[in-house]
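Visitor: What follows is the file entry01.tsv, containing TSV, C-alpha atoms:
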```tsv
chain	number	residue	atom	x	y	z
A	17	MET	CA	-6.54	-6.29	-23.04
A	18	ASN	CA	-8.57	-3.11	-22.58
A	19	VAL	CA	-6.70	-0.79	-20.20
A	20	LEU	CA	-7.92	2.41	-18.57
A	21	VAL	CA	-5.20	5.00	-17.91
A	22	THR	CA	-6.40	7.81	-15.66
A	23	GLY	CA	-4.54	11.10	-16.03
A	24	GLY	CA	-3.31	10.05	-19.46
A	25	CYS	CA	-2.81	13.62	-20.69
A	26	GLY	CA	-0.36	14.53	-17.93
A	27	PHE	CA	3.39	14.09	-17.97
A	28	ILE	CA	3.75	10.47	-16.86
A	29	GLY	CA	0.32	9.53	-18.19
A	30	SER	CA	0.95	10.69	-21.75
A	31	ASN	CA	4.30	8.95	-21.82
A	32	LEU	CA	2.58	5.80	-20.55
A	33	VAL	CA	-0.12	5.98	-23.23
A	34	ARG	CA	2.56	6.25	-25.91
A	35	TYR	CA	4.54	3.40	-24.33
A	36	LEU	CA	1.52	1.10	-24.22
A	37	LEU	CA	0.56	1.77	-27.83
A	38	ARG	CA	4.15	1.12	-28.92
A	39	GLU	CA	5.00	-1.90	-26.72
A	40	ARG	CA	1.58	-3.59	-26.45
A	41	PRO	CA	0.12	-3.13	-29.96
A	42	ASP	CA	-2.80	-5.51	-29.34
A	43	TRP	CA	-4.08	-3.51	-26.36
A	44	LYS	CA	-6.77	-0.83	-26.39
A	45	VAL	CA	-5.95	2.21	-24.23
A	46	VAL	CA	-8.78	4.31	-22.84
A	47	ASN	CA	-7.42	7.61	-21.55
A	48	LEU	CA	-9.52	9.38	-18.91
A	49	ASP	CA	-8.41	12.91	-18.04
A	50	ARG	CA	-10.17	15.94	-16.56
A	51	LEU	CA	-7.76	18.30	-18.37
A	52	THR	CA	-6.80	20.39	-15.39
A	53	TYR	CA	-3.88	22.77	-15.89
A	54	ALA	CA	-1.47	19.79	-15.95
A	55	GLY	CA	-3.45	17.82	-18.55
A	56	ASN	CA	-2.42	18.68	-22.08
A	57	LEU	CA	-3.88	17.04	-25.17
A	58	GLU	CA	-0.91	18.32	-27.14
A	59	ASN	CA	1.19	15.73	-25.25
A	60	LEU	CA	-0.60	13.14	-27.43
A	61	ALA	CA	-0.02	14.81	-30.79
A	62	GLY	CA	0.25	12.20	-33.52
A	63	LEU	CA	-2.21	9.76	-31.97
A	64	GLU	CA	-5.27	11.37	-33.57
A	65	ASP	CA	-5.84	8.54	-36.03
A	66	ASP	CA	-4.88	5.60	-33.82
A	67	PRO	CA	-8.06	3.54	-33.24
A	68	ARG	CA	-6.42	1.79	-30.26
A	69	HIS	CA	-6.49	5.03	-28.25
A	70	VAL	CA	-9.74	6.52	-26.96
A	71	PHE	CA	-9.71	9.80	-25.07
A	72	VAL	CA	-12.50	10.44	-22.54
A	73	HIS	CA	-12.81	13.87	-20.97
A	74	GLY	CA	-13.83	12.90	-17.45
A	75	ASP	CA	-13.18	13.12	-13.73
A	76	VAL	CA	-12.29	10.32	-11.31
A	77	CYS	CA	-14.61	11.99	-8.81
A	78	ASP	CA	-17.58	11.45	-11.17
A	79	ARG	CA	-18.80	8.02	-10.14
A	80	ALA	CA	-21.51	7.77	-12.81
A	81	GLY	CA	-18.97	8.72	-15.48
A	82	LEU	CA	-16.56	6.06	-14.22
A	83	ASP	CA	-19.27	3.42	-14.44
A	84	ARG	CA	-19.98	4.40	-18.05
A	85	VAL	CA	-16.32	4.18	-19.02
A	86	LEU	CA	-15.64	0.85	-17.30
A	87	ALA	CA	-18.76	-0.77	-18.75
A	88	GLY	CA	-18.73	0.90	-22.16
A	89	HIS	CA	-15.14	-0.11	-22.91
A	90	ALA	CA	-15.11	-3.48	-21.10
A	91	ILE	CA	-12.08	-2.42	-19.06
A	92	ASP	CA	-9.87	-5.28	-17.87
A	93	ALA	CA	-7.26	-3.31	-15.92
A	94	VAL	CA	-6.69	0.20	-14.58
A	95	LEU	CA	-3.47	2.17	-14.31
A	96	HIS	CA	-4.44	4.98	-11.94
A	97	LEU	CA	-2.23	8.05	-12.39
A	98	ALA	CA	-4.77	10.88	-12.14
A	99	ALA	CA	-3.69	13.09	-9.25
A	100	GLU	CA	-2.84	16.56	-8.13
A	101	SER	CA	0.92	16.25	-7.79
A	102	HIS	CA	2.80	19.50	-7.16
A	103	VAL	CA	3.94	19.92	-3.55
A	104	ASP	CA	3.99	23.72	-3.70
A	105	ARG	CA	0.39	23.81	-4.88
A	106	SER	CA	-0.63	21.41	-2.09
A	107	ILE	CA	0.80	23.83	0.47
A	108	GLN	CA	-1.15	26.71	-1.05
A	109	GLY	CA	-4.43	24.78	-1.37
A	110	PRO	CA	-4.63	21.31	0.22
A	111	GLU	CA	-8.36	20.65	-0.29
A	112	VAL	CA	-8.24	19.81	-3.99
A	113	PHE	CA	-5.48	17.29	-3.26
A	114	VAL	CA	-7.67	15.44	-0.77
A	115	THR	CA	-10.64	15.58	-3.13
A	116	THR	CA	-8.86	14.25	-6.21
A	117	ASN	CA	-6.20	12.03	-4.71
A	118	VAL	CA	-8.19	10.43	-1.88
A	119	LEU	CA	-11.89	10.66	-2.76
A	120	GLY	CA	-11.23	10.24	-6.48
A	121	THR	CA	-9.23	7.09	-5.82
A	122	GLN	CA	-11.99	5.72	-3.60
A	123	HIS	CA	-14.62	6.34	-6.28
A	124	LEU	CA	-12.47	4.56	-8.85
A	125	LEU	CA	-11.73	1.62	-6.54
A	126	GLU	CA	-15.42	1.16	-5.79
A	127	ALA	CA	-16.36	1.35	-9.46
A	128	CYS	CA	-13.70	-1.23	-10.30
A	129	ARG	CA	-14.86	-3.52	-7.50
A	130	GLU	CA	-18.46	-3.42	-8.67
A	131	ARG	CA	-17.54	-3.92	-12.33
A	132	GLY	CA	-15.14	-6.80	-11.70
A	133	VAL	CA	-12.00	-5.14	-13.09
A	134	ARG	CA	-9.24	-7.74	-13.05
A	135	ARG	CA	-6.35	-5.55	-11.83
A	136	PHE	CA	-5.94	-2.07	-10.33
A	137	VAL	CA	-2.47	-0.46	-10.33
A	138	GLN	CA	-2.22	2.45	-7.90
A	139	VAL	CA	0.62	4.67	-9.12
A	140	SER	CA	2.21	6.48	-6.18
A	141	THR	CA	5.37	8.23	-5.04
A	142	ASP	CA	8.37	7.80	-2.77
A	143	GLU	CA	7.23	10.95	-0.98
A	144	VAL	CA	4.82	8.85	1.11
A	145	TYR	CA	7.88	7.63	3.04
A	146	GLY	CA	8.89	11.11	4.17
A	147	SER	CA	12.52	12.23	4.43
A	148	LEU	CA	15.67	10.13	4.72
A	149	GLY	CA	18.86	10.85	6.60
A	150	PRO	CA	22.23	10.97	4.84
A	151	SER	CA	22.32	7.21	4.23
A	152	GLY	CA	20.00	4.32	3.49
A	153	ALA	CA	17.10	3.91	1.08
A	154	PHE	CA	13.36	3.38	1.25
A	155	THR	CA	12.10	-0.18	0.95
A	156	GLU	CA	8.51	-1.31	0.65
A	157	GLU	CA	8.59	-1.95	4.41
A	158	SER	CA	9.65	1.59	5.33
A	159	PRO	CA	7.15	3.44	7.55
A	160	LEU	CA	4.84	5.92	5.86
A	161	GLN	CA	5.68	9.42	7.10
A	162	PRO	CA	4.34	11.95	4.60
A	163	SER	CA	5.47	15.54	5.06
A	164	SER	CA	3.23	17.60	2.76
A	165	PRO	CA	-0.48	17.70	1.97
A	166	TYR	CA	0.37	16.17	-1.41
A	167	SER	CA	2.26	13.19	0.02
A	168	ALA	CA	-0.33	12.74	2.76
A	169	SER	CA	-3.09	12.54	0.14
A	170	LYS	CA	-1.12	9.96	-1.85
A	171	THR	CA	-0.53	7.96	1.33
A	172	GLY	CA	-4.28	7.94	1.95
A	173	ALA	CA	-4.91	6.76	-1.61
A	174	ASP	CA	-2.33	3.96	-1.30
A	175	LEU	CA	-3.84	2.72	1.95
A	176	LEU	CA	-7.34	2.80	0.49
A	177	ALA	CA	-6.18	0.74	-2.48
A	178	LEU	CA	-4.51	-1.84	-0.25
A	179	ALA	CA	-7.58	-1.90	2.01
A	180	TYR	CA	-9.78	-2.69	-1.01
A	181	HIS	CA	-7.55	-5.68	-1.67
A	182	HIS	CA	-7.56	-6.95	1.90
A	183	THR	CA	-11.24	-6.24	2.60
A	184	PHE	CA	-12.94	-6.85	-0.73
A	185	GLY	CA	-10.44	-9.00	-2.60
A	186	LEU	CA	-9.87	-6.43	-5.37
A	187	ASP	CA	-6.66	-7.27	-7.22
A	188	VAL	CA	-4.53	-4.24	-6.36
A	189	VAL	CA	-0.84	-3.49	-6.90
A	190	VAL	CA	0.80	-0.28	-5.64
A	191	THR	CA	3.91	1.23	-7.22
A	192	ARG	CA	6.02	4.00	-5.69
A	193	CYS	CA	8.51	5.81	-7.88
A	194	SER	CA	11.29	8.31	-7.37
A	195	ASN	CA	11.37	11.69	-9.14
A	196	ASN	CA	10.54	11.33	-12.83
A	197	TYR	CA	11.99	13.37	-15.66
A	198	GLY	CA	11.61	13.38	-19.45
A	199	ARG	CA	9.63	14.95	-22.26
A	200	TYR	CA	6.21	16.60	-21.75
A	201	GLN	CA	6.81	17.44	-18.07
A	202	PHE	CA	4.92	20.53	-16.96
A	203	PRO	CA	7.45	23.35	-16.43
A	204	GLU	CA	6.56	23.92	-12.79
A	205	LYS	CA	8.70	20.86	-11.96
A	206	LEU	CA	12.42	21.18	-11.31
A	207	ILE	CA	14.13	19.98	-14.49
A	208	PRO	CA	11.86	21.56	-17.13
A	209	ARG	CA	11.59	24.77	-15.13
A	210	MET	CA	15.35	25.11	-14.95
A	211	VAL	CA	15.78	24.32	-18.64
A	212	VAL	CA	13.10	26.78	-19.74
A	213	ASN	CA	14.33	29.55	-17.45
A	214	ALA	CA	17.89	29.08	-18.68
A	215	LEU	CA	16.77	29.18	-22.31
A	216	ARG	CA	14.94	32.43	-21.60
A	217	GLY	CA	17.87	33.93	-19.69
A	218	GLU	CA	15.82	34.11	-16.47
A	219	PRO	CA	16.99	33.28	-12.91
A	220	LEU	CA	16.95	29.62	-11.88
A	221	PRO	CA	15.36	29.53	-8.39
A	222	VAL	CA	16.92	26.93	-6.06
A	223	TYR	CA	15.30	26.25	-2.70
A	224	GLY	CA	17.34	26.78	0.47
A	225	ASP	CA	20.97	25.73	0.20
A	226	GLY	CA	20.37	23.46	-2.79
A	227	GLN	CA	21.60	20.39	-0.91
A	228	HIS	CA	18.31	18.49	-1.02
A	229	VAL	CA	18.85	15.09	-2.64
A	230	ARG	CA	16.50	13.32	-5.04
A	231	ASP	CA	16.70	9.97	-6.83
A	232	TRP	CA	15.90	10.48	-10.54
A	233	LEU	CA	14.05	8.02	-12.78
A	234	HIS	CA	13.55	8.45	-16.52
A	235	VAL	CA	9.84	8.40	-17.36
A	236	GLU	CA	10.31	5.65	-19.97
A	237	ASP	CA	11.85	3.40	-17.32
A	238	HIS	CA	8.94	4.21	-15.03
A	239	CYS	CA	6.46	3.27	-17.76
A	240	GLN	CA	8.18	-0.06	-18.27
A	241	GLY	CA	7.95	-0.71	-14.53
A	242	LEU	CA	4.24	0.11	-14.46
A	243	VAL	CA	3.48	-2.34	-17.26
A	244	LEU	CA	5.52	-5.06	-15.56
A	245	ALA	CA	3.69	-4.39	-12.28
A	246	LEU	CA	0.40	-4.74	-14.16
A	247	GLU	CA	1.45	-7.99	-15.82
A	248	LYS	CA	3.62	-9.66	-13.15
A	249	GLY	CA	3.00	-8.01	-9.78
A	250	ARG	CA	1.51	-9.98	-6.92
A	251	ALA	CA	-1.88	-8.81	-5.69
A	252	GLY	CA	-1.73	-6.74	-2.53
A	253	GLN	CA	1.96	-5.92	-2.95
A	254	VAL	CA	3.91	-2.66	-3.15
A	255	TYR	CA	6.77	-2.22	-5.63
A	256	ASN	CA	9.36	0.56	-5.45
A	257	LEU	CA	10.72	1.90	-8.74
A	258	GLY	CA	13.88	3.95	-8.32
A	259	GLY	CA	16.42	5.21	-10.83
A	260	GLY	CA	19.53	4.76	-8.69
A	261	ALA	CA	20.57	8.30	-9.62
A	262	GLU	CA	20.77	10.43	-6.48
A	263	ARG	CA	21.70	14.04	-7.14
A	264	ARG	CA	21.75	17.19	-5.04
A	265	ASN	CA	19.43	19.80	-6.49
A	266	LEU	CA	22.23	22.31	-6.86
A	267	ASP	CA	24.44	19.84	-8.73
A	268	LEU	CA	21.52	18.99	-11.01
A	269	VAL	CA	20.89	22.64	-11.82
A	270	LYS	CA	24.56	23.19	-12.55
A	271	GLY	CA	24.51	20.17	-14.86
A	272	ILE	CA	21.57	21.59	-16.79
A	273	LEU	CA	23.39	24.91	-17.21
A	274	ALA	CA	26.47	23.05	-18.45
A	275	GLU	CA	24.35	21.13	-21.00
A	276	LEU	CA	22.99	24.44	-22.28
A	277	GLY	CA	26.25	26.37	-22.11
A	278	LYS	CA	24.71	28.91	-19.73
A	279	PRO	CA	26.46	30.62	-16.78
A	280	GLU	CA	25.99	29.50	-13.18
A	281	SER	CA	25.36	33.15	-12.32
A	282	LEU	CA	21.74	32.48	-13.36
A	283	ILE	CA	21.27	30.44	-10.15
A	284	GLN	CA	19.24	32.29	-7.53
A	285	PHE	CA	18.79	30.84	-4.03
A	286	VAL	CA	15.28	31.39	-2.65
A	287	THR	CA	13.51	30.78	0.66
A	288	ASP	CA	13.12	27.08	1.28
A	289	ARG	CA	9.80	25.32	0.83
A	290	LEU	CA	7.78	24.65	4.01
A	291	GLY	CA	8.43	21.14	5.35
A	292	HIS	CA	10.93	20.41	2.56
A	293	ASP	CA	12.10	16.77	2.70
A	294	ARG	CA	15.90	16.61	2.73
A	295	ARG	CA	16.59	13.37	0.89
A	296	TYR	CA	14.80	10.59	-0.98
A	297	ALA	CA	16.32	7.33	-2.21
A	298	ILE	CA	14.62	4.11	-3.27
A	299	ASP	CA	15.73	0.50	-3.03
A	300	PRO	CA	14.16	-1.24	-6.06
A	301	ALA	CA	15.46	-4.73	-5.21
A	302	LYS	CA	11.97	-6.20	-4.90
A	303	SER	CA	10.97	-4.89	-8.34
A	304	ARG	CA	14.15	-6.30	-9.86
A	305	ARG	CA	13.58	-9.65	-8.21
A	306	GLU	CA	9.84	-10.12	-8.78
A	307	LEU	CA	9.15	-8.06	-11.90
A	308	GLY	CA	12.47	-8.37	-13.70
A	309	TRP	CA	12.59	-4.56	-13.89
A	310	ALA	CA	15.66	-2.36	-14.10
A	311	PRO	CA	16.21	1.15	-15.46
A	312	THR	CA	17.79	1.28	-18.91
A	313	HIS	CA	18.71	4.99	-18.97
A	314	THR	CA	21.76	6.34	-17.22
A	315	PHE	CA	21.07	9.71	-15.67
A	316	GLU	CA	23.67	11.46	-17.81
A	317	GLN	CA	22.16	10.05	-21.01
A	318	GLY	CA	18.59	10.67	-19.91
A	319	LEU	CA	19.21	14.23	-18.75
A	320	GLY	CA	21.03	15.11	-21.97
A	321	ASP	CA	18.20	13.69	-24.08
A	322	THR	CA	15.61	15.52	-21.97
A	323	VAL	CA	17.35	18.89	-22.17
A	324	ARG	CA	17.69	18.52	-25.95
A	325	TRP	CA	13.98	17.74	-26.26
A	326	TYR	CA	13.03	21.01	-24.55
A	327	VAL	CA	15.57	22.89	-26.66
A	328	GLU	CA	14.10	21.39	-29.84
A	329	HIS	CA	10.43	21.87	-28.87
A	330	PRO	CA	10.05	25.48	-27.75
A	331	GLU	CA	6.59	25.59	-29.33
A	332	TRP	CA	5.41	23.02	-26.76
A	333	TRP	CA	6.59	24.80	-23.61
A	334	GLU	CA	5.84	28.27	-24.96
A	335	ARG	CA	2.19	27.24	-25.44
A	336	VAL	CA	2.18	25.81	-21.92
A	337	LEU	CA	3.60	28.98	-20.40
A	338	SER	CA	1.19	31.21	-22.32
A	339	GLY	CA	-1.80	28.99	-21.53
A	340	ALA	CA	-2.57	28.54	-25.23
A	341	TYR	CA	-2.44	24.75	-24.86
A	342	ARG	CA	-5.69	24.87	-22.87
A	343	ASN	CA	-7.54	25.85	-26.04
A	344	THR	CA	-6.85	22.40	-27.49
A	345	VAL	CA	-10.17	20.83	-26.52
A	346	THR	CA	-10.37	17.73	-28.71
A	347	LEU	CA	-8.06	15.01	-29.90
A	348	THR	CA	-10.28	14.05	-32.82
A	349	PRO	CA	-14.03	13.40	-33.01
A	350	ARG	CA	-13.22	9.70	-33.07
A	351	GLY	CA	-10.77	10.09	-30.19
A	352	ARG	CA	-13.35	11.18	-27.65
A	353	GLY	CA	-16.06	9.17	-26.04
A	354	ALA	CA	-17.61	7.71	-22.97
```
Can you give me the file's structure in the form of structure tokens?
Guide:
Amino acid sequence: MNVLVTGGCGFIGSNLVRYLLRERPDWKVVNLDRLTYAGNLENLAGLEDDPRHVFVHGDVCDRAGLDRVLAGHAIDAVLHLAAESHVDRSIQGPEVFVTTNVLGTQHLLEACRERGVRRFVQVSTDEVYGSLGPSGAFTEESPLQPSSPYSASKTGADLLALAYHHTFGLDVVVTRCSNNYGRYQFPEKLIPRMVVNALRGEPLPVYGDGQHVRDWLHVEDHCQGLVLALEKGRAGQVYNLGGGAERRNLDLVKGILAELGKPESLIQFVTDRLGHDRRYAIDPAKSRRELGWAPTHTFEQGLGDTVRWYVEHPEWWERVLSGAYRNTVTLTPRGRGA
């Protein structure tokens, strides 16, 4: 199978590219990424000489470029991860989120429809469901109530993808995951930011009272779920992928400090984010039942492994923080192409 992964140089995308090359050795992976601030070719170090991986520097909003990639590589299936994804940035500047997440998805859907791509997996987020009360969990039937420009743009993309299935017959599957964590995550996100700040002896900023609850999913478990959705999901269906690991933000931050042997005095409470959702939790029963998917990492194991990775790879996050990673403009001459 020839698979297109959009956003394959980002956090989840790069982990997915590595997962596919490891677990599906007879597949060819074409990696399309615009290399915005969150796209980092250094996430793919070691793949320079793998002929099964082709990197294409491109934009999902470039329709002509999409046509060239789909036709030139005879793409069978698409895993669509390319997106602007940081809530804080969406509050500061919503327009780019609508452009990339909504219009970019529409361009890709239309290109796939015209080229006869066999399956389109729209990779989304539990944030489209909005905020939960103190009990219960989101199911695939939960109403869509996005709270931020980011989650609203992902909701629009999800509905477009499902509309392309119902209107045009495009084989679409939508996945919605809980908060991911793991290696190569850009240090604006909670876990890597707290680890890096603690390692540098800097304050760890915690929004509001720190009682916001998130369900955490290891990125490797997410990647497994995406591949199963691609291979086994029913067309036109939504599948929730949750880690079953709800934690209050404050407890999570304290756990990171304990892993690192750092004092809790580094915690600094800051003004809460605008429209901050209080709690997320996902019911993954449908994915277990129809895809045979279940997380394999406990949160304690996964968090410990993740913290150790950042401790052992300071050169990676130091280059991210300095911006030096953006000077890495090629994978290899053979690894680029349209």
Visitor: Closest to Pro279 in chain A among A:His238, A:Val103, A:Pro219, A:Asn256, using all atoms listed in the file?
Guide: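 Closest to Pro279 in chain A, using all atoms listed in the file: A:Pro219.
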Visitor: Expressed in Å to a single decimal, how great is the separation between CA of Ser303 in chain A and CA of Ser101 in chain A?
Guide: 23.4 Å
Visitor: Please indicate the distance in Å from CA of Asn59 in chain A to CA of Val190 in chain A, rounded to one decimal place.
Guide: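 We find that CA of Asn59 in chain A and CA of Val190 in chain A lie 25.3 Å from each other.
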Visitor: Between CA of Leu268 in chain A and CA of Thr322 in chain A, what is the distance in Å, rounded to a tenth?
Guide: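 These atoms are spaced 12.9 Å apart.
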Visitor: Residues within 9 Å of range 210-212 of chain A, please, as a list in words. Count all atoms listed in the file; anything in the same chain fewer than 6 positions from it doesn't count.
Guide: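 What passes the distance filter is Pro203, Glu218, Pro219, Leu220, Pro221, Val269, Ile272, Leu273, Leu276, Val323, Tyr326, Val327, Pro330 and Trp333 of chain A.
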Visitor: From the options A:Leu63, A:Leu337, A:Leu178, A:Ala153, which residue's atoms come nearest to Leu257 in chain A, counting all atoms listed in the file?
Guide: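 Closest candidate: A:Ala153.
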Visitor: Using all atoms listed in the file, which of A:Val336, A:Arg294, A:Ala127, A:Phe136 sits nearest Arg209 in chain A?
Guide: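 Using all atoms listed in the file, the shortest distance to Arg209 in chain A belongs to A:Val336.
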Visitor: With all atoms listed in the file as the counted atoms, please give the residues lying no more than 9 Å from Asp225 in chain A, apart from itself and same-chain residues fewer than 3 positions off, as a PDB file with C-alpha atoms, in the frame of the given file.
Guide:
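Produced file around_18.pdb, reproduced below:
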```pdb
ATOM      1  CA  VAL A 222      16.920  26.930  -6.060  1.00  0.00           C
ATOM      2  CA  HIS A 228      18.310  18.490  -1.020  1.00  0.00           C
ATOM      3  CA  LEU A 266      22.230  22.310  -6.860  1.00  0.00           C
ATOM      4  CA  PHE A 285      18.790  30.840  -4.030  1.00  0.00           C
ATOM      5  CA  VAL A 286      15.280  31.390  -2.650  1.00  0.00           C
ATOM      6  CA  ASP A 288      13.120  27.080   1.280  1.00  0.00           C
TER       7      ASP A 288
END
```
Visitor: For Ala297 in chain A, which of A:Gly260, A:Gly26, A:Gly120, A:Pro162 is the closest residue, counting all atoms listed in the file?
Guide: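 Among A:Gly260, A:Gly26, A:Gly120, A:Pro162, it is A:Gly260 that comes nearest to Ala297 in chain A.
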